[in-house]
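Asker: File entry-v6.cif below, mmCIF, C-alpha atoms:
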```cif
data_data
loop_
_atom_site.label_atom_id
_atom_site.label_comp_id
_atom_site.auth_asym_id
_atom_site.auth_seq_id
_atom_site.Cartn_x
_atom_site.Cartn_y
_atom_site.Cartn_z
CA MET A 21 0.61 -4.00 27.84
CA GLU A 22 -2.48 -1.85 28.12
CA ARG A 23 -5.50 -2.94 26.10
CA PHE A 24 -5.52 0.34 24.21
CA SER A 25 -1.84 -0.07 23.31
CA PHE A 26 -2.49 -3.59 22.00
CA GLN A 27 -5.44 -2.29 19.97
CA ALA A 28 -3.25 0.49 18.60
CA LEU A 29 -0.49 -1.99 17.62
CA VAL A 30 -2.92 -4.23 15.74
CA GLY A 31 -4.71 -1.19 14.31
CA ALA A 32 -1.41 0.24 13.05
CA ALA A 33 -0.52 -3.10 11.43
CA PHE A 34 -3.83 -3.30 9.59
CA LEU A 35 -3.76 0.42 8.71
CA MET A 36 -0.46 -0.12 6.93
CA ALA A 37 -1.60 -3.37 5.31
CA THR A 38 -5.00 -2.11 4.18
CA SER A 39 -3.42 1.13 2.93
CA ALA A 40 -1.39 -1.11 0.60
CA ILE A 41 -4.31 -3.40 -0.29
CA GLY A 42 -6.31 -1.01 -2.44
CA PRO A 43 -7.65 -1.11 -6.00
CA GLY A 44 -4.11 -0.50 -7.31
CA PHE A 45 -2.90 -3.57 -5.39
CA LEU A 46 -5.67 -5.69 -6.95
CA THR A 47 -5.15 -4.30 -10.45
CA GLN A 48 -1.34 -4.50 -10.47
CA THR A 49 -1.15 -8.01 -9.01
CA SER A 50 -3.79 -9.39 -11.38
CA LEU A 51 -2.27 -7.72 -14.45
CA PHE A 52 1.29 -8.88 -13.76
CA THR A 53 0.11 -12.41 -12.91
CA SER A 54 -1.61 -12.67 -16.29
CA GLN A 55 1.68 -11.55 -17.87
CA PHE A 56 4.19 -13.72 -15.97
CA LEU A 57 2.00 -16.68 -14.89
CA GLY A 58 3.76 -19.01 -12.40
CA ALA A 59 6.94 -16.92 -12.45
CA MET A 60 4.91 -14.22 -10.69
CA LEU A 61 5.36 -16.16 -7.44
CA GLY A 62 9.09 -15.44 -7.55
CA ILE A 63 8.37 -11.75 -8.18
CA VAL A 64 5.93 -11.63 -5.25
CA LEU A 65 8.46 -13.26 -2.89
CA ILE A 66 11.17 -10.80 -3.96
CA VAL A 67 8.77 -7.90 -3.34
CA ILE A 68 7.87 -9.22 0.14
CA ALA A 69 11.58 -9.59 1.04
CA LEU A 70 12.37 -6.03 -0.13
CA ASP A 71 9.24 -4.79 1.68
CA ILE A 72 10.48 -6.28 4.97
CA ILE A 73 13.96 -4.74 4.61
CA ALA A 74 12.66 -1.28 3.71
CA GLN A 75 9.95 -1.12 6.35
CA LEU A 76 12.09 -2.59 9.14
CA ASN A 77 14.56 0.25 8.63
CA ILE A 78 11.85 2.91 8.48
CA TRP A 79 9.76 1.66 11.41
CA SER A 80 12.83 1.06 13.61
CA VAL A 81 14.22 4.57 13.15
CA ILE A 82 10.89 6.41 13.36
CA GLY A 83 9.67 4.18 16.18
CA SER A 84 12.79 4.62 18.33
CA THR A 85 13.02 8.39 17.84
CA GLY A 86 9.30 9.18 17.86
CA LEU A 87 9.91 11.59 14.96
CA ARG A 88 7.68 11.50 11.89
CA GLY A 89 9.18 11.14 8.42
CA GLN A 90 9.02 14.87 7.66
CA ASP A 91 10.61 15.81 11.00
CA LEU A 92 13.50 13.39 10.42
CA ALA A 93 14.02 14.91 6.97
CA ASN A 94 14.15 18.43 8.47
CA LYS A 95 16.78 17.29 10.99
CA ILE A 96 18.99 16.07 8.15
CA LEU A 97 18.50 19.18 6.00
CA PRO A 98 16.28 22.08 7.09
CA GLY A 99 13.42 22.46 4.63
CA LEU A 100 13.70 18.90 3.27
CA GLY A 101 10.70 17.86 5.36
CA TYR A 102 8.50 20.30 3.45
CA VAL A 103 9.62 18.81 0.13
CA VAL A 104 9.02 15.27 1.42
CA SER A 105 5.57 16.22 2.72
CA PHE A 106 4.60 17.79 -0.61
CA VAL A 107 5.69 14.71 -2.60
CA ILE A 108 4.00 12.26 -0.21
CA CYS A 109 0.74 14.25 -0.07
CA LEU A 110 0.62 14.68 -3.86
CA GLY A 111 1.14 10.94 -4.35
CA GLY A 112 -1.41 10.21 -1.60
CA LEU A 113 -3.99 12.42 -3.31
CA ALA A 114 -3.44 10.75 -6.68
CA PHE A 115 -3.71 7.29 -5.11
CA ASN A 116 -6.77 8.33 -3.14
CA ILE A 117 -8.58 9.28 -6.34
CA GLY A 118 -8.16 5.66 -7.42
CA ASN A 119 -9.12 4.42 -3.95
CA VAL A 120 -12.42 6.31 -4.10
CA ALA A 121 -12.98 4.89 -7.58
CA GLY A 122 -12.44 1.36 -6.28
CA ALA A 123 -14.87 1.87 -3.40
CA GLY A 124 -17.48 3.27 -5.78
CA LEU A 125 -17.00 0.36 -8.19
CA GLY A 126 -17.43 -2.10 -5.31
CA LEU A 127 -20.74 -0.53 -4.25
CA HIS A 128 -21.85 -0.41 -7.89
CA ILE A 129 -21.25 -4.16 -8.21
CA LEU A 130 -22.80 -5.06 -4.85
CA LEU A 131 -25.90 -2.83 -5.01
CA ASN A 132 -26.25 -2.29 -8.78
CA ILE A 133 -26.54 1.48 -8.33
CA ASP A 134 -25.30 4.32 -10.55
CA LEU A 135 -21.49 4.55 -10.43
CA LYS A 136 -21.36 8.28 -9.66
CA LEU A 137 -23.86 7.81 -6.85
CA ALA A 138 -21.72 4.94 -5.53
CA LEU A 139 -18.63 7.18 -5.64
CA GLY A 140 -20.45 9.86 -3.64
CA ILE A 141 -21.67 7.35 -1.04
CA SER A 142 -18.16 5.92 -0.66
CA GLY A 143 -16.72 9.37 0.00
CA VAL A 144 -19.42 10.14 2.56
CA LEU A 145 -18.87 6.82 4.38
CA ALA A 146 -15.14 7.50 4.70
CA ILE A 147 -15.80 11.04 5.93
CA LEU A 148 -18.27 9.81 8.57
CA ILE A 149 -15.53 7.72 10.19
CA PHE A 150 -13.50 10.87 10.89
CA VAL A 151 -16.50 12.88 12.03
CA SER A 152 -16.87 10.60 15.06
CA LYS A 153 -15.38 11.71 18.41
CA ASN A 154 -13.16 8.62 18.74
CA ALA A 155 -11.94 8.62 15.13
CA GLN A 156 -8.57 6.96 15.80
CA GLY A 157 -10.09 4.10 17.82
CA LEU A 158 -12.77 3.62 15.16
CA VAL A 159 -10.13 3.50 12.42
CA ASP A 160 -8.25 0.76 14.32
CA ILE A 161 -11.38 -1.38 14.63
CA ILE A 162 -12.63 -0.87 11.07
CA VAL A 163 -9.35 -1.59 9.25
CA LYS A 164 -8.75 -4.68 11.41
CA TRP A 165 -12.10 -6.36 10.77
CA LEU A 166 -12.35 -5.38 7.12
CA GLY A 167 -8.85 -6.80 6.61
CA VAL A 168 -9.90 -10.12 8.17
CA ILE A 169 -13.04 -10.28 6.00
CA MET A 170 -10.96 -9.65 2.85
CA ILE A 171 -8.63 -12.55 3.64
CA VAL A 172 -11.50 -14.97 4.36
CA THR A 173 -13.35 -14.09 1.15
CA MET A 174 -10.13 -14.39 -0.87
CA LEU A 175 -9.57 -17.89 0.54
CA TYR A 176 -13.03 -18.89 -0.70
CA VAL A 177 -12.29 -17.66 -4.24
CA VAL A 178 -8.89 -19.43 -4.24
CA PHE A 179 -10.69 -22.67 -3.30
CA LYS A 180 -13.19 -22.17 -6.13
CA SER A 181 -10.58 -21.30 -8.78
CA GLN A 182 -8.51 -24.44 -7.99
CA PRO A 183 -4.99 -23.30 -9.00
CA SER A 184 -2.45 -25.98 -9.95
CA PHE A 185 0.34 -25.76 -7.38
CA SER A 186 2.61 -28.06 -9.36
CA ALA A 187 2.38 -25.68 -12.33
CA ILE A 188 3.15 -22.73 -10.06
CA PHE A 189 6.30 -24.19 -8.52
CA SER A 190 7.57 -25.61 -11.81
CA THR A 191 7.64 -22.10 -13.32
CA ALA A 192 8.34 -19.92 -10.26
CA GLY A 193 12.11 -20.37 -10.66
CA GLU A 194 11.93 -18.71 -14.08
CA VAL A 195 11.94 -15.27 -12.49
CA THR A 196 15.44 -15.76 -11.04
CA GLN A 197 16.79 -17.00 -14.36
CA ASN A 198 15.18 -14.14 -16.27
CA LEU A 199 16.46 -11.50 -13.86
CA THR A 200 20.04 -12.83 -13.75
CA LEU A 201 20.58 -13.83 -17.39
CA GLY A 202 19.30 -10.60 -18.97
CA SER A 203 16.49 -12.20 -20.92
CA GLU A 204 13.91 -10.26 -22.89
CA MET A 205 11.51 -10.47 -19.93
CA SER A 206 13.99 -9.10 -17.38
CA SER A 207 13.16 -5.44 -18.05
CA SER A 208 9.42 -5.96 -17.62
CA MET A 209 10.01 -8.10 -14.52
CA ILE A 210 12.09 -5.35 -12.93
CA PHE A 211 9.33 -2.85 -13.70
CA ALA A 212 6.83 -5.24 -12.10
CA ILE A 213 8.96 -5.48 -8.95
CA LEU A 214 9.35 -1.69 -8.83
CA THR A 215 5.61 -1.13 -9.27
CA LEU A 216 4.52 -3.81 -6.78
CA LEU A 217 7.04 -2.64 -4.17
CA GLY A 218 5.81 0.92 -4.65
CA GLY A 219 2.28 -0.34 -4.06
CA SER A 220 3.37 -2.26 -0.94
CA CYS A 221 5.47 0.34 0.87
CA GLY A 222 6.07 3.30 -1.42
CA GLY A 223 4.87 6.84 -0.89
CA TYR A 224 2.65 7.29 2.15
CA ILE A 225 1.97 3.57 2.75
CA THR A 226 4.97 2.61 4.89
CA PHE A 227 4.35 5.62 7.16
CA ALA A 228 0.66 4.86 7.76
CA GLY A 229 1.21 2.37 10.57
CA ILE A 230 4.21 3.93 12.29
CA HIS A 231 2.67 7.42 12.30
CA ARG A 232 -0.40 5.83 13.91
CA LEU A 233 1.85 4.42 16.66
CA ILE A 234 3.35 7.87 17.24
CA ASP A 235 -0.18 9.22 17.73
CA ALA A 236 -0.77 6.38 20.22
CA LYS A 237 2.50 7.36 21.96
CA ILE A 238 4.04 3.92 21.39
CA THR A 239 7.63 4.99 20.66
CA GLY A 240 11.14 4.64 22.10
CA LYS A 241 13.72 1.87 21.84
CA GLU A 242 12.07 0.01 24.75
CA ASN A 243 8.97 -0.45 22.57
CA LEU A 244 10.81 -1.57 19.41
CA PRO A 245 9.97 -5.30 19.87
CA GLN A 246 6.24 -4.44 19.94
CA ILE A 247 6.60 -1.96 17.07
CA ARG A 248 8.31 -4.60 14.92
CA LYS A 249 5.68 -7.17 15.86
CA SER A 250 3.05 -4.73 14.58
CA LEU A 251 5.04 -4.31 11.35
CA PHE A 252 5.31 -8.07 10.73
CA ILE A 253 1.57 -8.51 11.29
CA GLY A 254 0.94 -5.84 8.66
CA ILE A 255 3.37 -7.32 6.13
CA SER A 256 1.92 -10.80 6.74
CA VAL A 257 -1.56 -9.49 5.94
CA SER A 258 -0.58 -7.64 2.76
CA GLY A 259 1.76 -10.44 1.62
CA SER A 260 -0.91 -13.10 2.19
CA MET A 261 -3.43 -11.10 0.19
CA ARG A 262 -0.93 -10.70 -2.66
CA ILE A 263 -0.26 -14.46 -2.78
CA LEU A 264 -3.96 -15.35 -2.56
CA LEU A 265 -4.82 -12.97 -5.41
CA PHE A 266 -1.98 -14.44 -7.47
CA LEU A 267 -3.44 -17.93 -6.89
CA VAL A 268 -6.92 -16.78 -7.95
CA VAL A 269 -5.72 -15.25 -11.22
CA LEU A 270 -3.37 -18.11 -12.07
CA GLY A 271 -6.08 -20.67 -11.29
CA VAL A 272 -8.39 -18.97 -13.78
CA ILE A 273 -5.71 -18.87 -16.50
CA ILE A 274 -4.65 -22.51 -15.93
CA HIS A 275 -8.27 -23.61 -16.44
CA GLY A 276 -8.52 -21.78 -19.76
CA GLY A 277 -9.85 -18.41 -18.61
CA VAL A 278 -8.83 -15.16 -20.28
CA ILE A 279 -8.06 -12.16 -18.06
CA ASP A 280 -9.50 -8.85 -19.23
CA LYS A 281 -6.58 -6.39 -19.17
CA ASN A 282 -8.97 -3.46 -18.70
CA ASP A 283 -10.40 -5.00 -15.53
CA PRO A 284 -8.10 -7.91 -14.60
CA ALA A 285 -9.12 -8.52 -10.97
CA ALA A 286 -12.87 -8.45 -11.63
CA SER A 287 -12.60 -10.84 -14.57
CA ALA A 288 -10.48 -13.25 -12.49
CA PHE A 289 -13.03 -13.34 -9.65
CA ARG A 290 -15.95 -13.79 -12.05
CA GLN A 291 -14.34 -16.61 -14.00
CA GLY A 292 -12.97 -18.20 -10.84
CA ALA A 293 -16.23 -18.35 -8.87
CA GLY A 294 -19.04 -17.22 -11.18
CA LEU A 295 -21.56 -14.55 -10.18
CA ILE A 296 -20.84 -15.16 -6.48
CA GLY A 297 -17.17 -14.55 -7.21
CA TYR A 298 -18.03 -11.30 -8.99
CA LYS A 299 -20.08 -10.13 -5.99
CA ILE A 300 -17.20 -11.14 -3.69
CA PHE A 301 -14.92 -9.02 -5.86
CA GLY A 302 -17.29 -6.10 -5.30
CA LEU A 303 -17.05 -6.71 -1.55
CA VAL A 304 -13.27 -7.10 -1.58
CA ILE A 305 -12.58 -4.03 -3.70
CA PHE A 306 -15.01 -1.93 -1.63
CA PHE A 307 -13.38 -2.96 1.67
CA ALA A 308 -9.87 -2.67 0.19
CA SER A 309 -10.60 0.75 -1.24
CA ILE A 310 -12.44 2.28 1.72
CA THR A 311 -9.64 1.25 4.10
CA SER A 312 -7.08 2.66 1.65
CA VAL A 313 -9.04 5.93 1.52
CA ILE A 314 -8.81 6.07 5.33
CA GLY A 315 -5.08 5.25 5.30
CA ALA A 316 -4.17 7.69 2.52
CA ALA A 317 -6.09 10.59 4.06
CA TYR A 318 -4.88 9.94 7.61
CA THR A 319 -1.22 9.52 6.64
CA SER A 320 -1.04 12.35 4.10
CA VAL A 321 -2.39 14.83 6.64
CA SER A 322 -0.03 13.41 9.29
CA PHE A 323 2.84 14.64 7.10
CA LEU A 324 1.53 18.19 7.37
CA LYS A 325 0.44 18.54 10.97
CA THR A 326 3.90 18.94 12.53
CA LEU A 327 4.81 21.51 9.87
CA SER A 328 1.72 23.65 10.30
CA THR A 329 -0.18 24.56 13.47
CA LEU A 330 -3.24 25.24 11.30
CA VAL A 331 -3.27 21.59 10.17
CA ALA A 332 -2.43 20.30 13.66
CA ASN A 333 -5.33 22.21 15.22
CA ASN A 334 -7.77 21.14 12.51
CA GLU A 335 -6.56 17.63 11.65
CA LYS A 336 -10.02 16.08 11.23
CA ARG A 337 -11.17 18.90 8.98
CA PHE A 338 -8.14 18.51 6.73
CA ILE A 339 -8.64 14.73 6.52
CA ILE A 340 -12.29 15.25 5.59
CA ALA A 341 -11.31 17.87 2.98
CA PHE A 342 -8.69 15.46 1.56
CA ILE A 343 -11.33 12.76 1.10
CA PHE A 344 -13.86 15.22 -0.32
CA VAL A 345 -11.41 16.57 -2.94
CA SER A 346 -10.37 13.03 -3.95
CA THR A 347 -14.00 12.02 -4.40
CA LEU A 348 -14.85 15.15 -6.40
CA ILE A 349 -11.89 14.71 -8.76
CA MET A 350 -12.76 11.06 -9.34
CA ILE A 351 -16.37 11.90 -10.20
CA ILE A 352 -15.23 14.58 -12.67
CA VAL A 353 -12.09 13.05 -14.23
CA GLY A 354 -12.30 9.23 -14.09
CA ARG A 355 -9.75 6.78 -15.62
CA PRO A 356 -8.62 5.23 -12.31
CA THR A 357 -6.83 2.17 -13.74
CA ASP A 358 -4.27 4.25 -15.64
CA VAL A 359 -3.76 6.54 -12.65
CA LEU A 360 -3.17 3.59 -10.29
CA ILE A 361 -0.47 1.95 -12.43
CA ILE A 362 1.35 5.27 -12.96
CA VAL A 363 1.20 6.28 -9.30
CA GLY A 364 2.29 2.80 -8.16
CA ALA A 365 5.40 3.11 -10.31
CA LEU A 366 6.03 6.68 -9.08
CA ASN A 367 5.74 5.48 -5.48
CA GLY A 368 8.42 2.95 -6.34
CA LEU A 369 10.67 5.89 -7.23
CA ILE A 370 9.80 7.73 -4.00
CA LEU A 371 10.67 4.70 -1.85
CA PRO A 372 14.49 4.76 -2.32
CA LEU A 373 14.54 8.51 -1.62
CA MET A 374 12.59 8.13 1.63
CA LEU A 375 14.61 5.08 2.69
CA LEU A 376 17.86 6.95 2.01
CA ILE A 377 16.71 9.79 4.29
CA ILE A 378 15.93 7.24 7.01
CA LEU A 379 19.33 5.55 6.62
CA ILE A 380 21.16 8.88 6.86
CA ALA A 381 19.16 9.72 9.99
CA SER A 382 20.02 6.31 11.47
CA CYS A 383 23.73 7.22 11.33
CA LYS A 384 23.33 10.50 13.24
CA LYS A 385 23.73 10.21 17.01
CA SER A 386 22.07 13.62 17.38
CA VAL A 387 18.91 12.02 15.94
CA MET A 388 19.13 8.47 17.29
CA GLY A 389 20.37 9.21 20.83
CA ASP A 390 21.59 6.07 22.59
CA TYR A 391 19.99 3.65 20.11
CA THR A 392 22.11 2.25 17.26
CA PRO A 393 20.22 0.35 14.53
CA SER A 394 21.58 -2.96 13.27
CA ILE A 395 24.46 -2.49 10.81
CA ILE A 396 23.29 -5.53 8.81
CA LEU A 397 19.80 -4.06 8.49
CA ARG A 398 21.25 -0.73 7.34
CA ILE A 399 23.48 -2.43 4.74
CA LEU A 400 20.49 -4.34 3.38
CA GLY A 401 18.51 -1.10 3.36
CA LEU A 402 21.28 0.63 1.38
CA ALA A 403 21.25 -2.24 -1.12
CA VAL A 404 17.50 -1.67 -1.61
CA VAL A 405 18.11 2.08 -2.09
CA LEU A 406 20.84 1.51 -4.69
CA GLY A 407 18.98 -1.26 -6.51
CA MET A 408 15.57 0.42 -6.56
CA GLY A 409 17.14 3.80 -7.35
CA TYR A 410 19.11 2.44 -10.31
CA PHE A 411 16.31 0.33 -11.76
CA GLY A 412 13.76 3.03 -10.98
CA ILE A 413 15.66 5.49 -13.14
CA SER A 414 16.86 3.10 -15.86
CA GLU A 415 13.70 0.99 -16.22
CA GLY A 416 10.92 2.63 -14.24
CA LEU A 417 11.07 6.13 -15.73
CA LYS A 418 10.98 4.73 -19.26
CA ASN A 419 7.81 2.78 -18.52
CA ILE A 420 6.24 5.64 -16.54
CA ILE A 421 6.75 8.07 -19.46
CA LYS A 422 5.20 5.50 -21.78
CA LEU A 423 2.20 5.05 -19.46
CA ILE A 424 1.70 8.81 -19.07
CA GLY A 425 1.90 9.22 -22.85
CA GLY A 426 -0.84 6.61 -23.26
CA PHE A 427 -2.91 8.25 -20.53
CA LEU A 428 -2.74 11.69 -22.18
CA SER A 429 -3.36 10.46 -25.72
#
```
Render the structure in this file as structure tokens.
Answerer:
Amino acid sequence: MERFSFQALVGAAFLMATSAIGPGFLTQTSLFTSQFLGAMLGIVLIVIALDIIAQLNIWSVIGSTGLRGQDLANKILPGLGYVVSFVICLGGLAFNIGNVAGAGLGLHILLNIDLKLALGISGVLAILIFVSKNAQGLVDIIVKWLGVIMIVTMLYVVFKSQPSFSAIFSTAGEVTQNLTLGSEMSSSMIFAILTLLGGSCGGYITFAGIHRLIDAKITGKENLPQIRKSLFIGISVSGSMRILLFLVVLGVIIHGGVIDKNDPAASAFRQGAGLIGYKIFGLVIFFASITSVIGAAYTSVSFLKTLSTLVANNEKRFIIAFIFVSTLIMIIVGRPTDVLIIVGALNGLILPLMLLIILIASCKKSVMGDYTPSIILRILGLAVVLGMGYFGISEGLKNIIKLIGGFLS
């Protein structure tokens, strides 16, 4: 395989993973770990399994056809692609406001500068990446190395926080019992799964990597083994980060620490590894956020460029404008933590809709040509659609309305 193609495959994997690993990822994982303790491991493993099923379906269909999500939607029902693009871009913008906030907070912690100045610098840094002539190649390199640095620094904090693995495994089975026996915790656990899955592959996130591969012209059924390899690299990165963060938070709690619900990830890092841990948190959240800014902007605009020649001919300008607007709104409005939890849950509602569109497309020979996706994979995908759709409406909406009410009050 050509060197550029290999770079694009790895870049797509890390673009997807680092799009997921943003400030919302850090906040949600830390908050739910403080709530469920060792049982959170079971929740994380369920989320990773559902993530694999959903993304395998999406990447296989889009990768084999070479059609972006919005173009597949238009082939199923003319005009549906425009609706999908609007929903994805709106969710991407909302998430990107929080991403900019996370990057600004990281710089504020690292450099001890004014928060609004840090927000402005973060926005400018992200914009500079897309100003360069070889923006796509630069994105591949940046998200890959920043992702590696995040994992290494997280390993250090896990080592310092010294989690008790026996305590983890003795309580991890509780999640299965709670979910199957209808206990009082089952409703909140389902909401946690919905929110975390939305943060892993909901909204724009799952399309970040595969749309990057389309731009690199790595499509067709002959390239599916490489496309799926790229996907599994990405899920391995995001899943590893989720587990490492869980270990950090649980280690702090086991040793008597108290997690601040207003800033759960930062308090876990500080208590787990002292001032150095707090500075590492600044580094991690800055890297996680700036790569998520890149992923959200790139992917959101990719949903528009096949629907509008204006966007297609001015892609870089629209990406830069997307980042600029996100930064400006964050500086003016604030309250990123509430926004991130709400949008993560909303992305969990978007996921079954997008996956359903993909599954319908996978059954149409006029779309798929001579490639037929695995029937087992499609059945598992349908199970995810039905399960996430049902629980998203019955449990997720109730919690989302409650969160929005608290946000507006």
Asker: What residues come out when you apply the PyMOL selection byres ((chain A and resi 64-76) around 8) to this file, written as a PyMOL selection string?
Answerer: chain A and resi 60-63+77-80+213+216-217+220-221+226+248+251-252+255+259+262-263+375+397+400-401+404
Asker: Give me a file of those residues, with C-alpha atoms, as a tab-separated table (two decimals), in the coordinates of the input.
Answerer:
```
chain	number	residue	atom	x	y	z
A	60	MET	CA	4.91	-14.22	-10.69
A	61	LEU	CA	5.36	-16.16	-7.44
A	62	GLY	CA	9.09	-15.44	-7.55
A	63	ILE	CA	8.37	-11.75	-8.18
A	77	ASN	CA	14.56	0.25	8.63
A	78	ILE	CA	11.85	2.91	8.48
A	79	TRP	CA	9.76	1.66	11.41
A	80	SER	CA	12.83	1.06	13.61
A	213	ILE	CA	8.96	-5.48	-8.95
A	216	LEU	CA	4.52	-3.81	-6.78
A	217	LEU	CA	7.04	-2.64	-4.17
A	220	SER	CA	3.37	-2.26	-0.94
A	221	CYS	CA	5.47	0.34	0.87
A	226	THR	CA	4.97	2.61	4.89
A	248	ARG	CA	8.31	-4.60	14.92
A	251	LEU	CA	5.04	-4.31	11.35
A	252	PHE	CA	5.31	-8.07	10.73
A	255	ILE	CA	3.37	-7.32	6.13
A	259	GLY	CA	1.76	-10.44	1.62
A	262	ARG	CA	-0.93	-10.70	-2.66
A	263	ILE	CA	-0.26	-14.46	-2.78
A	375	LEU	CA	14.61	5.08	2.69
A	397	LEU	CA	19.80	-4.06	8.49
A	400	LEU	CA	20.49	-4.34	3.38
A	401	GLY	CA	18.51	-1.10	3.36
A	404	VAL	CA	17.50	-1.67	-1.61
```
Asker: Could you give me the axis-aligned bounding box of region 282-293 of chain A, with 5 Å of padding per side, as centre plus edge lengths in Å to one decimal, as AutoDock Vina command-line options?
Answerer:
```
--center_x -12.2 --center_y -10.9 --center_z -13.8 --size_x 18.1 --size_y 24.9 --size_z 19.8
```
Asker: Residues near Val178 (chain A), anyone? I mean within 7 Å using all atoms listed in the file, not counting same-chain ones fewer than 2 positions away, as a list in words.
Answerer: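 Neighbouring residues, sequence-local ones excluded: Met174, Leu175, Tyr176, Lys180, Ser181, Gln182, Leu264, Leu267 and Val268 of chain A.
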Asker: Name the closest residue to Gly122 (chain A) among the candidates A:Leu244, A:Ile169, A:Leu303, A:Met388; distances are taken between atoms, counting only C-alpha atoms.
Answerer: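 Ranked by minimum distance to Gly122 (chain A), first place goes to A:Leu303.
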Asker: Closest to Leu113 (chain A) among A:Ser414, A:Thr319, A:Ser328, A:Thr173, using all atoms listed in the file?
Answerer: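 Checking each candidate against Leu113 (chain A), we get A:Thr319 as the closest.
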Asker: On this file, the PyMOL selection byres ((chain A and resi 326) around 12) gives some set of residues; write that set as a list in words.
Answerer: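 For this structure, the PyMOL selection byres ((chain A and resi 326) around 12) captures Leu87, Arg88, Gly89, Gln90, Asp91, Leu92, Asn94, Gly101, Tyr102, Ser105, His231, Asp235, Ser320, Val321, Ser322, Phe323, Leu324, Lys325, Leu327, Ser328, Thr329, Leu330, Val331, Ala332, Asn333, Asn334 and Glu335 of chain A.
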Asker: Name the closest residue to Val120 (chain A) among the candidates A:Phe289, A:Tyr318, A:Tyr391, A:Phe344; distances are taken between atoms, counting all atoms listed in the file.
Answerer: A:Phe344
Asker: Provide the CA of Arg290 (chain A) to CA of Gly315 (chain A) distance in Å, to one decimal place.
Answerer: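 Rounded to one decimal, the two atoms are 28.0 Å apart.
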Asker: Go through A:Val353, A:Leu348, A:Val177, A:Ala32 one by one, measure the shortest atom-to-atom distance of each to Leu295 (chain A) using all atoms listed in the file, and give the residue with the smallest value.
Answerer: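 Closest candidate: A:Val177.
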Asker: One decimal, Å: what's the distance from CA of Thr311 (chain A) over to CA of Ile161 (chain A), could you say?
Answerer: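 One can read the CA of Thr311 (chain A) to CA of Ile161 (chain A) distance as 11.0 Å.
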Asker: Tell me which of A:Ile370, A:Ile378, A:Val168, A:Val163 sits closest to Gly409 (chain A), counting only C-alpha atoms.
Answerer: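 Nearest to Gly409 (chain A): A:Ile370.
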Asker: Which one of A:Leu214, A:Thr392, A:Pro245, A:Ala286 sits closest to Val405 (chain A) if you count all atoms listed in the file?
Answerer: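 Comparing A:Leu214, A:Thr392, A:Pro245, A:Ala286 against Val405 (chain A), the winner is A:Leu214.
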Asker: Ala308 (chain A): which residues within 8 Å, counting all atoms listed in the file, same-chain residues fewer than 3 positions away excluded, as a VMD selection string?
Answerer: chain A and resid 38 to 39 41 to 43 123 166 to 167 170 304 to 305 311 to 312
Asker: Rounded to one decimal place, report the CA of Leu265 (chain A)-CA of Thr215 (chain A) distance in Å.
Answerer: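 Calculated distance between CA of Leu265 (chain A) and CA of Thr215 (chain A) is 16.2 Å.
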Asker: Can you pull out the residues contacting Ile147 (chain A)? Cut-off 8 Å, using all atoms listed in the file, and skip same-chain residues under 3 positions away; I want them as a list in words.
Answerer: Gly143, Val144, Phe150, Val151, Ile340, Ile343 and Phe344 of chain A
Asker: Take the PyMOL selection byres ((chain A and resi 408) around 9), run it mentally on this structure, and tell me the resulting residues as a PyMOL selection string.
Answerer: chain A and resi 214+368-369+371-372+403-407+409-413
Asker: Can you list, as a ChimeraX atom specification, every protein, DNA or RNA residue that comes within 10 Å of region 236-241 of chain A when you count only C-alpha atoms, leaving out same-chain residues fewer than 4 positions away?
Answerer: /A:24-29,32,80-87,156-157,230-232,245-247,388-393
Asker: Show me, as a ChimeraX atom specification, the residues that have an atom within 8 Å of Ile141 (chain A) when counting all atoms listed in the file, minus same-chain residues fewer than 4 positions from it.
Answerer: /A:124,137,145
